[in-house]
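**Q** Take this structure, written in structure tokens, and hold onto it; I'll ask about it next.
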Amino acid sequence: MKDGKFITLGIETSCDETAAAVVADGRDLLSNIISTQIDIHTAYGGVVPEIASRKHLEDINRCIQAALDEAKVSMDQVDLIGVTYGPGLIGALVIGVAAAKALTLATGKPLIGVNHMHGHISSNYLTYSKLEPPFLSLVVSGGHTNIVYVKDYNDYEVLGGTRDDAIGEAYDKVARVIGLGYPGGPKIDGAAREGDPDAIQFKRVYLEKGSYDFSFSGIKTQVLNYVNSETQAGREVNINDVAAGFQEACTEVITEKIIDAAKELKENRIVVAGGVAANSRLREMLAGKCDAMGIELFLPDKSLCTDNAAMIACAAHYEYKLGREDDLKLDAYANLDF
């Protein structure tokens with residue numbers, strides 16, 4: 001405890017960010033330390049799992065101490081340790097889980113393993129102090145594209161998911177195809193601002209009627225075929241127009257599906273989460289549609305869209321309040337279900 005507040009230390013190492021954070025009473029962000037590996041992996045065009053794991057090992061203790069120092073708390077004042085235990089890169093996850101278990105063993109503090117996707121949804125609790133379940137959530141990230149009905153803090157019903165590429169994965173692949181490089185999300189977003197979204201019409205993929213599932217592999221192939229055909233014909237490819245057309249098609253499908261789900265469930269609140277929640281066009285399109293439909297839209301602060309440990313600490317806090325606790329047998333699971 002510090003000043004009568006319940007203190008949670010969060011640890012996140014699911015992919016290529018080594019992160020630690022301290023949160024008081026579940027929603028008061030005291031520190032949020034993120035050591036990114038983007039510069040390292042850019043040279044390879046994407047995340048190299050073994051390199052990511054080694055970098056986590058180098059940075060994890062430093063990040064934890066930096067989070068404690070910035071929050072002005074000691075481990076003695078920490079009441080709970082929360083750590084991402086899946087889904088993610090197995091080698092990367094193992095580093096965070098091992099660090100959290102070592103701290104629990106050394107201090108006797110309770111331990112909570114947090115589902116990374118639950119953490120992303122929880123990032124909105126840090127942005128909106130009064131937000132409470134139930135609500136409808138759109139989770140858009142490098143590995144996931146889901147529509148989720150959040151019934152309570154630890155009660156999730158997945159209504160739809162991706163059948164192939166996740167939206168963030170599709171952005172990365174298309175960025176490589178058109179020569180923008182890694183990371184694809186922000187680079188396509190930036191290029192699209194300079195392009196015409198109507199110049200190139202890519203087919204929208206909605207799947208069967210009434211489905212809340214997604215499929216983005218087809219549009220990735222459309223982009224590849226377009227670039228190849230234009231190049232072979234000797235015509236110059238306008239990269240900005242390709243980026244804008246691709247982004248418009250993806251965000252249109254995502255927006256329409258989450259709005260349809262909200263109408264069917266008669267839910268008037270939509271909460272967005274995940275790295276792609278920072279995308280400017282998705283934010284703009286969702287805001288316009290929600291405003292027209294009288295739906296309240298919750299978008300996390302952009303600093304909390306990327307992988308971070310603050311969201312993990314927040315999720316751990318509420319799971320602990322519901323009576324859950326893990327022991328030193330906690331393990332990492334790369335393919336952990338939602």
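The chains in the structure tokens are called A, B, ... from first to last as shown; in each chain the residues are counted from 1, and the ligands are counted from 1 in the order shown.
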Which of segment 8-91 of chain A counts as strand (DSSP E) under DSSP, as a list in words please?

**A**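 Listing strand (DSSP E) positions across segment 8-91 of chain A yields Thr8, Leu9, Gly10, Ile11, Glu12, Glu17, Thr18, Ala19, Ala20, Ala21, Val22, Val23, Ala24, Asp28, Leu29, Leu30, Ser31, Asn32, Ile33, Ile34, Ser35, Thr36, Leu80, Ile81, Gly82, Val83, Thr84, Tyr85 and Gly86 of chain A.
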
**Q** Could you name the residues that touch Tyr333 of chain A at 7 Å or less, counting only C-alpha atoms, but leaving out those on the same chain fewer than 4 positions away, as a list in words?

**A**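 What passes the distance filter is Tyr85, Gly86, Pro87 and Ile90 of chain A.
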
**Q** Atom CA of Lys2 of chain A and atom CA of Leu29 of chain A are how many Å apart?

**A**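 These atoms are spaced 13.3 Å apart.
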
**Q** Excluding Val139 of chain A and residues on its chain fewer than 4 positions from it, collect all residues at most 10 Å away from it, counting only C-alpha atoms, and give them as a list of chain:residue names.

**A**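 Those residues are A:Met117, A:His118, A:His120, A:Ile121, A:Gly143, A:His144, A:Thr145, A:Asn146, A:Ile147, A:Val148, A:Gly161, A:Ile167, A:Val271, A:Val272, A:Ala273, A:Gly274, A:Gly275, A:Val276, A:Ala277.
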
**Q** From the list A:Arg283, A:Gln232, A:Pro110, A:Thr255, which residue is nearest Asp189 of chain A when using only C-alpha atoms?

**A**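 Smallest separation from Asp189 of chain A among the options: A:Arg283.
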
**Q** So, with only C-alpha atoms as the atoms that count, which of A:Gly119, A:Gly108, A:Gly4, A:Gly46 lies closest to Ala24 of chain A?

**A**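 Closest to Ala24 of chain A of all the choices is A:Gly4.
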
**Q** Taking only C-alpha atoms into account, produce a table as JSON lines in which each residue of segment 11-43 of chain A with an atom at most 12 Å from an atom of segment 172-181 of chain A appears once, together with its shortest atom pair and the distance in Å to one decimal, ordered by chain and rising number.

**A**
```
{"residue": "A:Ile38", "atom": "CA", "partner": "A:Gly181", "partner_atom": "CA", "distance": 11.5}
{"residue": "A:Asp39", "atom": "CA", "partner": "A:Gly181", "partner_atom": "CA", "distance": 11.8}
{"residue": "A:His41", "atom": "CA", "partner": "A:Gly181", "partner_atom": "CA", "distance": 10.7}
{"residue": "A:Thr42", "atom": "CA", "partner": "A:Gly181", "partner_atom": "CA", "distance": 7.5}
{"residue": "A:Ala43", "atom": "CA", "partner": "A:Gly181", "partner_atom": "CA", "distance": 9.1}
```

**Q** Would you pick out the contacts of Phe216 of chain A at 7 Å or less, using only C-alpha atoms, so that residues sharing its chain but fewer than 6 positions from it are not included, and give the list as number ranges by chain?

**A** A: 164-167, 170

**Q** Between A:Gly323, A:Gly168, A:Pro300, A:Gly96, which is the closest to Ser123 of chain A once you count only C-alpha atoms?

**A**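 Looking at the shortest contact to Ser123 of chain A, the residue is A:Pro300.
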